[in-house]
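Engineer: For reference, the structure I am asking about is given below.
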Amino acid sequence: MSNRKVRVRFAPSPTGPLHIGGVRTALYNYLFAKQHGGDFIFRIEDTDSNRFVSGAEEYIAEAFQWLGLPFDEGVGIGGDKGPYRQSERRDIYKKYVDQLLAEGKAYIAFDTPEELDAKRAEIQNFQYDASTRGLMRNSLTLSKEEVDSLIADGKQYVVRFLITPGEDVLVNDLIRGEVRINSSILDDKVLYKSADNLPTYHLANIVDDHLMEISHVIRGEEWLPSAPLHVLLYRAFGWEDTMPQFAHLPLLLKPDGKGKLSKRDGDRLGFPVFPLQWTDPKTGDVSSGYRESGYLPQAVVNFLALLGWNPGTEQELLSLDELIAQFDLSKCSKAGARFDYVKGTWFNHEYILHSDDASLTPAFQEILRENGVETSDERAEKVVSLMKGRISFVRELWPLCKFFFVAPTAYDEKTAKKRWKEYSAQQMTELKDVIANLDDFSMDNQEAVVMAWIAEKEYKTGDIMNAWRLTLVGEGIGPHMFEISHFLGKDETLRRMEKAIETLG
RNA sequence: GGUCCCUUCGUCUAUCGGUUAGGACGAGAGAUUUUCAUUCUCUAAAGAGGGGUUCGACUCCCCUAGGGACUACCA
């Protein structure tokens with residue numbers, strides 16, 4: 001088994017948008033697979049027909065495309081271990097269920113959900129297991145004739161796994177070490193439902209992982225309690241020697257308060273919990289996504305990777321290749337991680353800072369267009385290069401830099417009060433002449449001439465620059481003044497100064 | 001209730017028996033600056049509690065407390 005090819009899977013249910021915790025689980029699977037030159041498989045676990053949500057499968061595929069974590073095999077890609085959609089594997093599961101039944105390792109049960117509810121109400125801590133199965137209506141208590149006739153009558157039934165009590169089941173977890181659970185606390189889990197001829201998660205999971213030659217099952221901690229059941233199932237099928245290795249990841253917790261991260265936390269605190277925006281097909285409710293909120297996919301990947309794992313060095317900014325090279329399941333933490341969305345924005349800030357200007361420009365152009373600004377990519381890119389160091393999201397650019405494209409219509413009162421002195425109009429009029437006489441409007445020349453003029457007149461640099469900024473920007477923000485005037489060009493610079501002198505007096 | 005998992009600064013974490021318990025986010029202070037921001041420097045901030053084991057415990061063991069998950073004909 002140690003020489004087996006690494007094959008891992010991400011196997012979500014198409015019940016809605018993909019939760020960010022699921023994204024992290026998938027990411028860890030991806031990192032592990034790529035590190036070992038293995039395969040990353042996409043399987044859809046749609047064995048609960050009642051919970052199917054249309055569009056969810058497509059959403060998930062699109063999310064991974066955006067994140068840059070491509071699958072090697074599976075739904076939408078293909079491969080020779082398919083089909084990869086569980087609803088298309090009915091015949092396969094049927095065969096294995098029948099095998100278990102024939103070998104006496106599972107049995108048929110006719111108890112209706114209502115009858116079970118009644119039992120639960122009647123008996124405290126009722127569990128369908130060795131201690132109670134004798135009281136129920138199943139193939140263990142009914143005669144073969146009765147069972148056959150019930151089935152012939154079209155009575156619905158389920159197949160339950162026959163758990164032998166009193167046995168210690170050992171689960172070897174790559175993150176947690178040995179976890180030991182006694183089979184007596186396990187119940188006879190439903191493996192198969194006649195109602196839709198579909199297996200439940202537990203059966204489908206084991207059969208598929210075996211048939212798809214999955215080497216490692218890396219999944220959320222919520223599966224740890226049922227891991228012993230899965231071990232028992234592998235044993236029942238005689239597949240224990242090729243059973244995948246398990247790794248149960250810690251959960252993502254709420255940023256504050258108690259419990260695990262939920263969609264509500266995102267709504268309440270104002271951050272996305274889904275990779276992509278999602279519109280609920282039934283209610284029409286829209287949930288925000290990381291993509292639409294302006295996160296860069298690499299930033300999301302980096303941020304998520306470090307929530308529950310770290311390379312053991314002080315490096316926090318890691319490219320996908322670096323993550324692949326350094327990822328180590330044994331270095332995953334065991335405790336749940338609070339979802340620190342503030343740090344997530346810091347990651348985005350860093351990734352924007354290190355992105356090249358051209359790659360940010362299309363998103364900025366879109367914002368410019370929304371604000372009625374038509375400009376060349378070249379000019380938009382110039383502003384990006386000047387301003388990207390100050391933002392965490394591209395959309396934050398507009399309020400910080402709209403003066404590059406739109407002349408001020410008003411002058412910020414506070415700034416004017418502080419920066420527009422009684423002599424400012426006079427000084428600005430003089431500066432206007434200096435600028436008007438410039439033949440060479442290059443930044444270097446502008447700076448040389450203006451600074452020389454300030455020195456000659458023995459003006460205070462701050463007085464000039466602050467007032468000048470007010471005339472061009474309308475408030476006290478923005479990059480270096482010569483950057484602004486150079487971008488605006490001589491004519492626009494003079495026009496804005498004139499208007500400001502007139503207005504501010 | 002039962003079972004299992006977990007427990008270092010507010011948060012994410014490093015340490016794998018011997019450290020002034022380190023880094024990052026966030027917070028606060030200061031410096032630089034032509035505004036705003038950036039940047040830089042500094043500061044505050046942690047081993048849940050109690051027992052062991054050991055020359056020595058954040059690190060190993062036990063108990064307690066707290067947190068989390070699971071306990072469906074859902075995954």
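To be explicit about the labels: the chains of the structure tokens are called A, B, and onward in the order shown, and within each one the residues are counted from 1, while ligands get numbers from 1 in the order they are shown.
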Need to verify the contact set: range 27-39 of chain B, 12 Å, only C-alpha atoms (C1' of nucleotides), exclusion of same-chain residues closer than 2 positions in sequence. Can you return it as a short mmCIF file (atom, residue, chain, number, x, y, z; two decimals) with all heavy atoms, in the first residue's frame?
Structural biologist:
data_model
loop_
_atom_site.label_atom_id
_atom_site.label_comp_id
_atom_site.auth_asym_id
_atom_site.auth_seq_id
_atom_site.Cartn_x
_atom_site.Cartn_y
_atom_site.Cartn_z
N HIS A 349 -4.38 42.08 0.31
CA HIS A 349 -3.56 43.29 0.19
C HIS A 349 -2.16 42.91 -0.31
O HIS A 349 -1.63 43.52 -1.24
CB HIS A 349 -3.47 43.97 1.56
CG HIS A 349 -2.40 45.00 1.67
ND1 HIS A 349 -2.54 46.26 1.14
CD2 HIS A 349 -1.17 44.94 2.23
CE1 HIS A 349 -1.42 46.95 1.38
NE2 HIS A 349 -0.58 46.17 2.03
N LEU A 353 -0.49 43.90 -3.89
CA LEU A 353 0.78 44.62 -3.88
C LEU A 353 1.80 43.93 -4.78
O LEU A 353 2.57 44.59 -5.48
CB LEU A 353 1.30 44.66 -2.44
CG LEU A 353 2.43 45.62 -2.11
CD1 LEU A 353 2.02 47.04 -2.45
CD2 LEU A 353 2.79 45.51 -0.64
N LEU A 386 0.50 53.48 -9.25
CA LEU A 386 0.69 54.54 -8.25
C LEU A 386 -0.03 54.22 -6.93
O LEU A 386 0.42 54.60 -5.86
CB LEU A 386 0.12 55.85 -8.81
CG LEU A 386 1.04 56.99 -9.24
CD1 LEU A 386 2.44 56.55 -9.57
CD2 LEU A 386 0.41 57.77 -10.38
N MET A 387 -1.16 53.53 -7.02
CA MET A 387 -2.05 53.42 -5.87
C MET A 387 -2.21 52.03 -5.26
O MET A 387 -2.77 51.90 -4.19
CB MET A 387 -3.44 53.94 -6.25
CG MET A 387 -3.46 55.32 -6.89
SD MET A 387 -2.87 56.62 -5.79
CE MET A 387 -4.33 56.85 -4.76
N LYS A 388 -1.75 51.00 -5.92
CA LYS A 388 -2.09 49.65 -5.46
C LYS A 388 -1.52 49.30 -4.08
O LYS A 388 -2.04 48.42 -3.41
CB LYS A 388 -1.66 48.62 -6.50
CG LYS A 388 -0.16 48.43 -6.57
CD LYS A 388 0.20 47.29 -7.52
CE LYS A 388 1.72 47.15 -7.58
NZ LYS A 388 2.16 46.13 -8.53
N GLY A 389 -0.48 50.01 -3.69
CA GLY A 389 0.11 49.72 -2.39
C GLY A 389 -0.78 50.07 -1.21
O GLY A 389 -0.52 49.66 -0.08
N ARG A 390 -1.82 50.83 -1.48
CA ARG A 390 -2.64 51.33 -0.37
C ARG A 390 -3.96 50.59 -0.22
O ARG A 390 -4.78 50.97 0.60
CB ARG A 390 -2.97 52.80 -0.56
CG ARG A 390 -2.10 53.48 -1.56
CD ARG A 390 -2.48 54.92 -1.72
NE ARG A 390 -1.26 55.69 -1.93
CZ ARG A 390 -1.15 56.97 -1.64
NH1 ARG A 390 -2.16 57.62 -1.15
NH2 ARG A 390 -0.01 57.59 -1.83
N ILE A 391 -4.18 49.61 -1.02
CA ILE A 391 -5.50 48.98 -0.99
C ILE A 391 -5.44 47.48 -0.69
O ILE A 391 -4.40 46.85 -0.83
CB ILE A 391 -6.21 49.16 -2.36
CG1 ILE A 391 -5.33 48.58 -3.48
CG2 ILE A 391 -6.53 50.61 -2.60
CD1 ILE A 391 -6.06 48.35 -4.76
N LEU A 397 -9.90 51.37 -4.93
CA LEU A 397 -9.12 52.32 -5.72
C LEU A 397 -9.91 53.60 -6.07
O LEU A 397 -9.39 54.70 -5.95
CB LEU A 397 -8.69 51.64 -7.02
CG LEU A 397 -7.21 51.58 -7.40
CD1 LEU A 397 -6.28 51.58 -6.20
CD2 LEU A 397 -6.97 50.37 -8.28
N PRO A 399 -12.45 55.59 -4.83
CA PRO A 399 -12.50 56.77 -3.97
C PRO A 399 -11.13 57.38 -3.70
O PRO A 399 -11.03 58.57 -3.42
CB PRO A 399 -13.13 56.24 -2.66
CG PRO A 399 -13.06 54.76 -2.74
CD PRO A 399 -13.00 54.39 -4.18
N LEU A 400 -10.09 56.58 -3.83
CA LEU A 400 -8.74 57.10 -3.56
C LEU A 400 -8.12 57.80 -4.76
O LEU A 400 -7.13 58.51 -4.62
CB LEU A 400 -7.81 55.95 -3.15
CG LEU A 400 -8.07 55.28 -1.80
CD1 LEU A 400 -7.10 54.14 -1.59
CD2 LEU A 400 -7.94 56.29 -0.67
N CYS A 401 -8.69 57.57 -5.92
CA CYS A 401 -7.98 58.09 -7.09
C CYS A 401 -8.89 58.65 -8.17
O CYS A 401 -8.46 58.86 -9.29
CB CYS A 401 -7.13 56.99 -7.70
SG CYS A 401 -8.11 55.73 -8.50
N THR A 415 -9.82 70.35 4.74
CA THR A 415 -8.51 70.49 4.10
C THR A 415 -8.29 71.94 3.70
O THR A 415 -7.20 72.50 3.90
CB THR A 415 -8.44 69.59 2.86
OG1 THR A 415 -8.93 68.28 3.20
CG2 THR A 415 -7.02 69.47 2.35
N ALA A 416 -9.33 72.55 3.15
CA ALA A 416 -9.21 73.94 2.71
C ALA A 416 -8.88 74.85 3.88
O ALA A 416 -8.01 75.73 3.79
CB ALA A 416 -10.51 74.39 2.05
N LYS A 418 -7.36 74.15 6.56
CA LYS A 418 -6.02 73.91 7.06
C LYS A 418 -4.93 74.30 6.05
O LYS A 418 -3.87 74.78 6.42
CB LYS A 418 -5.90 72.43 7.40
CG LYS A 418 -4.68 72.08 8.25
CD LYS A 418 -4.77 70.62 8.73
CE LYS A 418 -3.45 70.18 9.32
NZ LYS A 418 -3.38 68.72 9.46
N ARG A 419 -5.19 74.05 4.79
CA ARG A 419 -4.13 74.18 3.79
C ARG A 419 -4.21 75.44 2.91
O ARG A 419 -3.25 75.79 2.25
CB ARG A 419 -4.14 72.95 2.86
CG ARG A 419 -4.04 71.62 3.57
CD ARG A 419 -2.73 71.50 4.32
NE ARG A 419 -2.56 70.17 4.88
CZ ARG A 419 -1.62 69.85 5.74
NH1 ARG A 419 -0.78 70.78 6.17
NH2 ARG A 419 -1.53 68.64 6.20
N MET A 451 10.68 73.13 -7.79
CA MET A 451 11.42 73.14 -6.53
C MET A 451 12.42 74.32 -6.51
O MET A 451 12.64 74.93 -5.46
CB MET A 451 12.16 71.81 -6.31
CG MET A 451 11.22 70.61 -6.08
SD MET A 451 9.85 70.87 -4.91
CE MET A 451 10.72 70.74 -3.35
N LYS A 460 7.59 78.05 1.71
CA LYS A 460 7.65 76.76 2.41
C LYS A 460 7.10 75.69 1.48
O LYS A 460 5.98 75.83 0.94
CB LYS A 460 6.83 76.82 3.69
CG LYS A 460 7.61 77.43 4.86
CD LYS A 460 6.90 77.21 6.17
CE LYS A 460 6.35 78.54 6.66
NZ LYS A 460 5.44 78.40 7.80
N THR A 461 7.88 74.63 1.31
CA THR A 461 7.45 73.56 0.41
C THR A 461 6.05 73.05 0.77
O THR A 461 5.21 72.85 -0.10
CB THR A 461 8.46 72.39 0.46
OG1 THR A 461 9.77 72.92 0.25
CG2 THR A 461 8.15 71.35 -0.60
N GLY A 462 5.84 72.88 2.06
CA GLY A 462 4.54 72.35 2.52
C GLY A 462 3.40 73.26 2.10
O GLY A 462 2.36 72.79 1.64
N ASP A 463 3.59 74.57 2.25
CA ASP A 463 2.55 75.53 1.87
C ASP A 463 2.15 75.35 0.41
O ASP A 463 0.98 75.28 0.05
CB ASP A 463 3.06 76.96 2.05
CG ASP A 463 2.93 77.43 3.50
OD1 ASP A 463 2.31 76.66 4.27
OD2 ASP A 463 3.44 78.50 3.83
N ILE A 464 3.19 75.28 -0.42
CA ILE A 464 2.94 75.18 -1.86
C ILE A 464 2.28 73.86 -2.21
O ILE A 464 1.24 73.81 -2.87
CB ILE A 464 4.28 75.33 -2.62
CG1 ILE A 464 4.95 76.66 -2.30
CG2 ILE A 464 4.03 75.16 -4.13
CD1 ILE A 464 4.12 77.88 -2.68
N MET A 465 2.89 72.79 -1.76
CA MET A 465 2.41 71.47 -2.15
C MET A 465 0.99 71.20 -1.66
O MET A 465 0.16 70.65 -2.39
CB MET A 465 3.35 70.39 -1.61
CG MET A 465 4.72 70.42 -2.25
SD MET A 465 4.64 70.18 -4.04
CE MET A 465 6.30 70.63 -4.52
N ASN A 466 0.73 71.59 -0.42
CA ASN A 466 -0.60 71.31 0.14
C ASN A 466 -1.69 72.11 -0.55
O ASN A 466 -2.78 71.61 -0.80
CB ASN A 466 -0.60 71.57 1.64
CG ASN A 466 0.20 70.52 2.38
OD1 ASN A 466 0.18 69.35 2.00
ND2 ASN A 466 0.91 70.92 3.41
N ALA A 467 -1.37 73.35 -0.85
CA ALA A 467 -2.36 74.17 -1.53
C ALA A 467 -2.56 73.67 -2.96
O ALA A 467 -3.66 73.58 -3.48
CB ALA A 467 -1.91 75.62 -1.54
N TRP A 468 -1.43 73.34 -3.57
CA TRP A 468 -1.47 72.85 -4.94
C TRP A 468 -2.30 71.57 -5.02
O TRP A 468 -3.13 71.38 -5.90
CB TRP A 468 -0.04 72.61 -5.44
CG TRP A 468 0.07 72.39 -6.92
CD1 TRP A 468 -0.84 72.78 -7.87
CD2 TRP A 468 1.12 71.71 -7.60
NE1 TRP A 468 -0.40 72.39 -9.11
CE2 TRP A 468 0.81 71.74 -8.98
CE3 TRP A 468 2.32 71.12 -7.19
CZ2 TRP A 468 1.65 71.17 -9.94
CZ3 TRP A 468 3.16 70.56 -8.15
CH2 TRP A 468 2.82 70.58 -9.52
N ARG A 469 -2.08 70.70 -4.03
CA ARG A 469 -2.84 69.44 -3.98
C ARG A 469 -4.34 69.74 -3.90
O ARG A 469 -5.15 69.11 -4.57
CB ARG A 469 -2.40 68.62 -2.76
CG ARG A 469 -3.15 67.29 -2.57
CD ARG A 469 -2.62 66.50 -1.38
NE ARG A 469 -1.21 66.18 -1.54
CZ ARG A 469 -0.74 65.16 -2.25
NH1 ARG A 469 -1.59 64.36 -2.87
NH2 ARG A 469 0.56 64.95 -2.36
N LEU A 470 -4.67 70.72 -3.08
CA LEU A 470 -6.08 71.06 -2.93
C LEU A 470 -6.68 71.49 -4.28
O LEU A 470 -7.82 71.13 -4.60
CB LEU A 470 -6.24 72.17 -1.89
CG LEU A 470 -7.67 72.55 -1.49
CD1 LEU A 470 -8.37 71.36 -0.84
CD2 LEU A 470 -7.65 73.74 -0.52
N LEU A 472 -5.74 70.59 -7.31
CA LEU A 472 -5.83 69.51 -8.29
C LEU A 472 -6.71 68.35 -7.84
O LEU A 472 -7.36 67.69 -8.65
CB LEU A 472 -4.44 68.97 -8.64
CG LEU A 472 -3.44 69.95 -9.26
CD1 LEU A 472 -2.19 69.20 -9.72
CD2 LEU A 472 -4.04 70.72 -10.41
N VAL A 473 -6.68 68.08 -6.53
CA VAL A 473 -7.37 66.89 -6.00
C VAL A 473 -8.70 67.25 -5.35
O VAL A 473 -9.66 66.47 -5.40
CB VAL A 473 -6.46 66.15 -4.99
CG1 VAL A 473 -7.19 64.98 -4.35
CG2 VAL A 473 -5.17 65.68 -5.68
N GLY A 474 -8.73 68.40 -4.71
CA GLY A 474 -9.95 68.78 -4.01
C GLY A 474 -9.95 68.37 -2.55
O GLY A 474 -10.79 68.75 -1.78
N GLU A 475 -8.97 67.55 -2.19
CA GLU A 475 -8.84 67.15 -0.78
C GLU A 475 -7.40 66.72 -0.53
O GLU A 475 -6.57 66.74 -1.44
CB GLU A 475 -9.82 66.04 -0.42
CG GLU A 475 -9.77 64.86 -1.36
CD GLU A 475 -10.85 63.83 -1.10
OE1 GLU A 475 -11.10 63.55 0.08
OE2 GLU A 475 -11.39 63.28 -2.07
N GLY A 476 -7.13 66.33 0.69
CA GLY A 476 -5.75 66.02 1.04
C GLY A 476 -5.34 64.58 0.90
O GLY A 476 -4.90 63.95 1.85
N ILE A 477 -5.53 64.05 -0.28
CA ILE A 477 -5.15 62.65 -0.49
C ILE A 477 -4.34 62.52 -1.78
O ILE A 477 -4.22 63.48 -2.54
CB ILE A 477 -6.38 61.73 -0.60
CG1 ILE A 477 -7.27 62.18 -1.78
CG2 ILE A 477 -7.17 61.71 0.69
CD1 ILE A 477 -8.30 61.16 -2.19
N GLY A 478 -3.79 61.32 -1.98
CA GLY A 478 -3.14 61.04 -3.25
C GLY A 478 -1.63 60.90 -3.17
O GLY A 478 -1.04 61.17 -2.12
N PRO A 479 -1.04 60.52 -4.27
CA PRO A 479 0.41 60.32 -4.31
C PRO A 479 1.16 61.65 -4.43
O PRO A 479 0.59 62.72 -4.25
CB PRO A 479 0.59 59.47 -5.55
CG PRO A 479 -0.52 59.87 -6.46
CD PRO A 479 -1.66 60.20 -5.55
N HIS A 480 2.42 61.54 -4.74
CA HIS A 480 3.28 62.71 -4.89
C HIS A 480 2.67 63.69 -5.90
O HIS A 480 2.12 63.29 -6.91
CB HIS A 480 4.64 62.23 -5.41
CG HIS A 480 5.76 62.83 -4.63
ND1 HIS A 480 6.04 62.45 -3.34
CD2 HIS A 480 6.68 63.78 -4.94
CE1 HIS A 480 7.07 63.14 -2.90
NE2 HIS A 480 7.48 63.96 -3.85
N MET A 481 2.80 65.00 -5.62
CA MET A 481 2.16 66.00 -6.46
C MET A 481 2.60 65.96 -7.93
O MET A 481 1.78 66.12 -8.83
CB MET A 481 2.43 67.41 -5.91
CG MET A 481 1.51 67.80 -4.78
SD MET A 481 -0.23 67.45 -5.12
CE MET A 481 -0.53 68.54 -6.51
N PHE A 482 3.88 65.73 -8.15
CA PHE A 482 4.34 65.75 -9.54
C PHE A 482 3.81 64.56 -10.33
O PHE A 482 3.66 64.63 -11.54
CB PHE A 482 5.87 65.84 -9.59
CG PHE A 482 6.38 67.11 -8.97
CD1 PHE A 482 7.03 67.10 -7.73
CD2 PHE A 482 6.17 68.33 -9.60
CE1 PHE A 482 7.47 68.29 -7.15
CE2 PHE A 482 6.61 69.52 -9.03
CZ PHE A 482 7.25 69.49 -7.80
P G B 10 -4.98 36.76 25.02
OP1 G B 10 -5.12 37.64 26.18
OP2 G B 10 -5.08 35.30 25.20
"O5'" G B 10 -6.03 37.22 23.93
"C5'" G B 10 -7.44 37.11 24.22
"C4'" G B 10 -8.20 37.43 22.97
"O4'" G B 10 -7.87 38.77 22.55
"C3'" G B 10 -7.86 36.55 21.79
"O3'" G B 10 -8.65 35.38 21.77
"C2'" G B 10 -8.18 37.46 20.61
"O2'" G B 10 -9.56 37.51 20.35
"C1'" G B 10 -7.72 38.82 21.15
N9 G B 10 -6.31 39.10 20.85
C8 G B 10 -5.31 39.30 21.77
N7 G B 10 -4.15 39.53 21.22
C5 G B 10 -4.40 39.48 19.87
C6 G B 10 -3.52 39.66 18.78
O6 G B 10 -2.31 39.90 18.79
N1 G B 10 -4.17 39.53 17.56
C2 G B 10 -5.50 39.26 17.41
N2 G B 10 -5.93 39.16 16.16
N3 G B 10 -6.35 39.09 18.43
C4 G B 10 -5.72 39.22 19.62
P U B 11 -8.04 34.03 21.18
OP1 U B 11 -9.07 32.99 21.35
OP2 U B 11 -6.68 33.82 21.72
"O5'" U B 11 -7.92 34.39 19.64
"C5'" U B 11 -9.08 34.44 18.80
"C4'" U B 11 -8.65 34.57 17.37
"O4'" U B 11 -7.93 35.82 17.20
"C3'" U B 11 -7.64 33.52 16.93
"O3'" U B 11 -8.27 32.30 16.56
"C2'" U B 11 -6.98 34.22 15.74
"O2'" U B 11 -7.82 34.21 14.61
"C1'" U B 11 -6.86 35.64 16.27
N1 U B 11 -5.59 35.87 16.98
C2 U B 11 -4.45 36.06 16.21
O2 U B 11 -4.48 36.02 14.99
N3 U B 11 -3.31 36.28 16.91
C4 U B 11 -3.16 36.33 18.28
O4 U B 11 -2.05 36.55 18.77
C5 U B 11 -4.37 36.12 19.01
C6 U B 11 -5.52 35.90 18.36
P C B 25 1.78 41.58 10.02
OP1 C B 25 1.87 42.43 8.83
OP2 C B 25 2.32 42.07 11.32
"O5'" C B 25 0.25 41.19 10.26
"C5'" C B 25 -0.55 40.75 9.18
"C4'" C B 25 -1.94 40.42 9.68
"O4'" C B 25 -1.85 39.36 10.66
"C3'" C B 25 -2.64 41.55 10.42
"O3'" C B 25 -3.26 42.45 9.52
"C2'" C B 25 -3.66 40.78 11.24
"O2'" C B 25 -4.76 40.37 10.46
"C1'" C B 25 -2.85 39.55 11.65
N1 C B 25 -2.20 39.73 12.97
C2 C B 25 -3.00 39.64 14.12
O2 C B 25 -4.21 39.39 13.99
N3 C B 25 -2.43 39.79 15.34
C4 C B 25 -1.12 40.05 15.43
N4 C B 25 -0.60 40.20 16.65
C5 C B 25 -0.29 40.16 14.27
C6 C B 25 -0.86 39.99 13.08
P U B 41 11.46 47.41 10.89
OP1 U B 41 12.58 46.43 10.89
OP2 U B 41 10.06 46.95 10.76
"O5'" U B 41 11.57 48.29 12.22
"C5'" U B 41 12.77 48.97 12.54
"C4'" U B 41 12.55 49.82 13.76
"O4'" U B 41 11.63 50.91 13.44
"C3'" U B 41 11.88 49.11 14.93
"O3'" U B 41 12.81 48.35 15.68
"C2'" U B 41 11.31 50.29 15.72
"O2'" U B 41 12.29 50.94 16.47
"C1'" U B 41 10.84 51.21 14.59
N1 U B 41 9.42 51.00 14.25
C2 U B 41 8.48 51.61 15.07
O2 U B 41 8.78 52.28 16.03
N3 U B 41 7.16 51.40 14.71
C4 U B 41 6.71 50.65 13.64
O4 U B 41 5.50 50.56 13.45
C5 U B 41 7.74 50.05 12.85
C6 U B 41 9.04 50.24 13.18
P C B 42 12.28 47.02 16.43
OP1 C B 42 13.47 46.30 16.95
OP2 C B 42 11.32 46.32 15.56
"O5'" C B 42 11.47 47.64 17.65
"C5'" C B 42 12.15 48.44 18.62
"C4'" C B 42 11.14 49.20 19.44
"O4'" C B 42 10.27 49.97 18.58
"C3'" C B 42 10.17 48.33 20.24
"O3'" C B 42 10.74 47.85 21.44
"C2'" C B 42 9.03 49.31 20.49
"O2'" C B 42 9.34 50.20 21.55
"C1'" C B 42 8.98 50.09 19.18
N1 C B 42 7.96 49.58 18.25
C2 C B 42 6.61 49.86 18.53
O2 C B 42 6.35 50.53 19.54
N3 C B 42 5.65 49.42 17.70
C4 C B 42 5.99 48.70 16.62
N4 C B 42 5.02 48.28 15.82
C5 C B 42 7.36 48.39 16.31
C6 C B 42 8.30 48.84 17.15
P U B 43 10.17 46.53 22.12
OP1 U B 43 11.03 46.19 23.28
OP2 U B 43 9.92 45.53 21.06
"O5'" U B 43 8.76 47.03 22.67
"C5'" U B 43 8.69 48.05 23.67
"C4'" U B 43 7.26 48.30 24.04
"O4'" U B 43 6.54 48.85 22.90
"C3'" U B 43 6.47 47.06 24.40
"O3'" U B 43 6.70 46.69 25.76
"C2'" U B 43 5.03 47.50 24.16
"O2'" U B 43 4.53 48.27 25.23
"C1'" U B 43 5.19 48.40 22.93
N1 U B 43 4.90 47.71 21.67
C2 U B 43 3.57 47.55 21.29
O2 U B 43 2.64 47.94 21.97
N3 U B 43 3.37 46.93 20.09
C4 U B 43 4.34 46.45 19.23
O4 U B 43 3.99 45.91 18.18
C5 U B 43 5.68 46.64 19.69
C6 U B 43 5.91 47.24 20.87
P A B 44 6.53 45.19 26.24
OP1 A B 44 7.13 45.03 27.57
OP2 A B 44 6.94 44.32 25.12
"O5'" A B 44 4.94 45.09 26.39
"C5'" A B 44 4.25 45.98 27.27
"C4'" A B 44 2.77 45.82 27.06
"O4'" A B 44 2.43 46.31 25.74
"C3'" A B 44 2.30 44.37 27.05
"O3'" A B 44 2.09 43.91 28.36
"C2'" A B 44 1.02 44.46 26.24
"O2'" A B 44 -0.07 44.94 27.02
"C1'" A B 44 1.38 45.52 25.20
N9 A B 44 1.85 44.92 23.94
C8 A B 44 3.13 44.57 23.58
N7 A B 44 3.23 44.07 22.38
C5 A B 44 1.93 44.08 21.91
C6 A B 44 1.36 43.68 20.68
N6 A B 44 2.06 43.18 19.67
N1 A B 44 0.03 43.83 20.54
C2 A B 44 -0.68 44.35 21.56
N3 A B 44 -0.26 44.76 22.75
C4 A B 44 1.07 44.60 22.85
P A B 45 2.60 42.46 28.76
OP1 A B 45 2.26 42.24 30.18
OP2 A B 45 3.99 42.28 28.26
"O5'" A B 45 1.65 41.57 27.85
"C5'" A B 45 0.24 41.64 28.03
"C4'" A B 45 -0.43 40.86 26.96
"O4'" A B 45 -0.22 41.50 25.67
"C3'" A B 45 0.12 39.46 26.75
"O3'" A B 45 -0.36 38.55 27.71
"C2'" A B 45 -0.37 39.15 25.34
"O2'" A B 45 -1.73 38.76 25.35
"C1'" A B 45 -0.24 40.51 24.66
N9 A B 45 1.02 40.55 23.90
C8 A B 45 2.30 40.77 24.36
N7 A B 45 3.23 40.68 23.44
C5 A B 45 2.51 40.38 22.30
C6 A B 45 2.90 40.14 20.97
N6 A B 45 4.16 40.17 20.56
N1 A B 45 1.93 39.87 20.07
C2 A B 45 0.66 39.84 20.47
N3 A B 45 0.16 40.03 21.69
C4 A B 45 1.16 40.30 22.56
#
Engineer: If we count only C-alpha atoms (C1' of nucleotides), what is near range 436-448 of chain A at a cut-off of 8 Å, once residues fewer than 4 positions away on the same chain are taken out, given as an NGL selection string?
Structural biologist: :A and (432 or 452 or 482-483 or 486 or 489-490 or 494)
Engineer: Limited to C-alpha atoms, could you put the picked residues into a file as a PDB file, in the first residue's frame?
Structural biologist:
ATOM      1  CA  LYS A 432       0.418  78.608 -12.406  1.00  0.00           C
ATOM      2  CA  ALA A 452      13.920  75.724  -7.752  1.00  0.00           C
ATOM      3  CA  PHE A 482       4.342  65.749  -9.538  1.00  0.00           C
ATOM      4  CA  GLU A 483       2.880  62.331 -10.260  1.00  0.00           C
ATOM      5  CA  HIS A 486       2.200  64.837 -14.816  1.00  0.00           C
ATOM      6  CA  GLY A 489      -1.049  67.033 -18.174  1.00  0.00           C
ATOM      7  CA  LYS A 490      -0.276  70.700 -18.471  1.00  0.00           C
ATOM      8  CA  LEU A 494      -3.709  74.758 -15.252  1.00  0.00           C
TER       9      LEU A 494
END
Engineer: Using only C-alpha atoms (C1' of nucleotides), determine which residues lie at most 12 Å from Ser376 in chain A, disregarding the query and same-chain residues fewer than 2 positions distant; provide the list as a PyMOL selection string.
Structural biologist: chain A and resi 361-362+364-366+368-369+373-374+378-383+405
Engineer: Which neighbours of range 100-115 of chain A fall inside 6 Å, counting only C-alpha atoms (C1' of nucleotides), when residues of the same chain fewer than 4 positions from it are skipped, and could you give them as a list in words?
Structural biologist: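 In the requested format, the answer is Arg137, Asn138, Ser139, Tyr157, Val158, Val159, Arg160, Phe161 and Leu162 of chain A.
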Engineer: Report, in Å with one decimal, the straight-line distance from CA of Trp420 in chain A to CA of Glu498 in chain A.
Structural biologist: 14.3 Å
Engineer: Using only C-alpha atoms (C1' of nucleotides), which protein or nucleic acid residues come within 10 Å of range 64-70 of chain A? Drop anything in the same chain fewer than 2 positions from it, and give the result as a ChimeraX atom specification.
Structural biologist: /A:23,26-27,30-31,40-42,59-62,72-73,77,275-276,291,296-301,320
Engineer: Mind listing as a PyMOL selection string which residues of chain B are within 9 Å of chain A, counting only C-alpha atoms (C1' of nucleotides)?
Structural biologist: chain B and resi 1-7+11-14+22-26+34-38+67-71+73-75
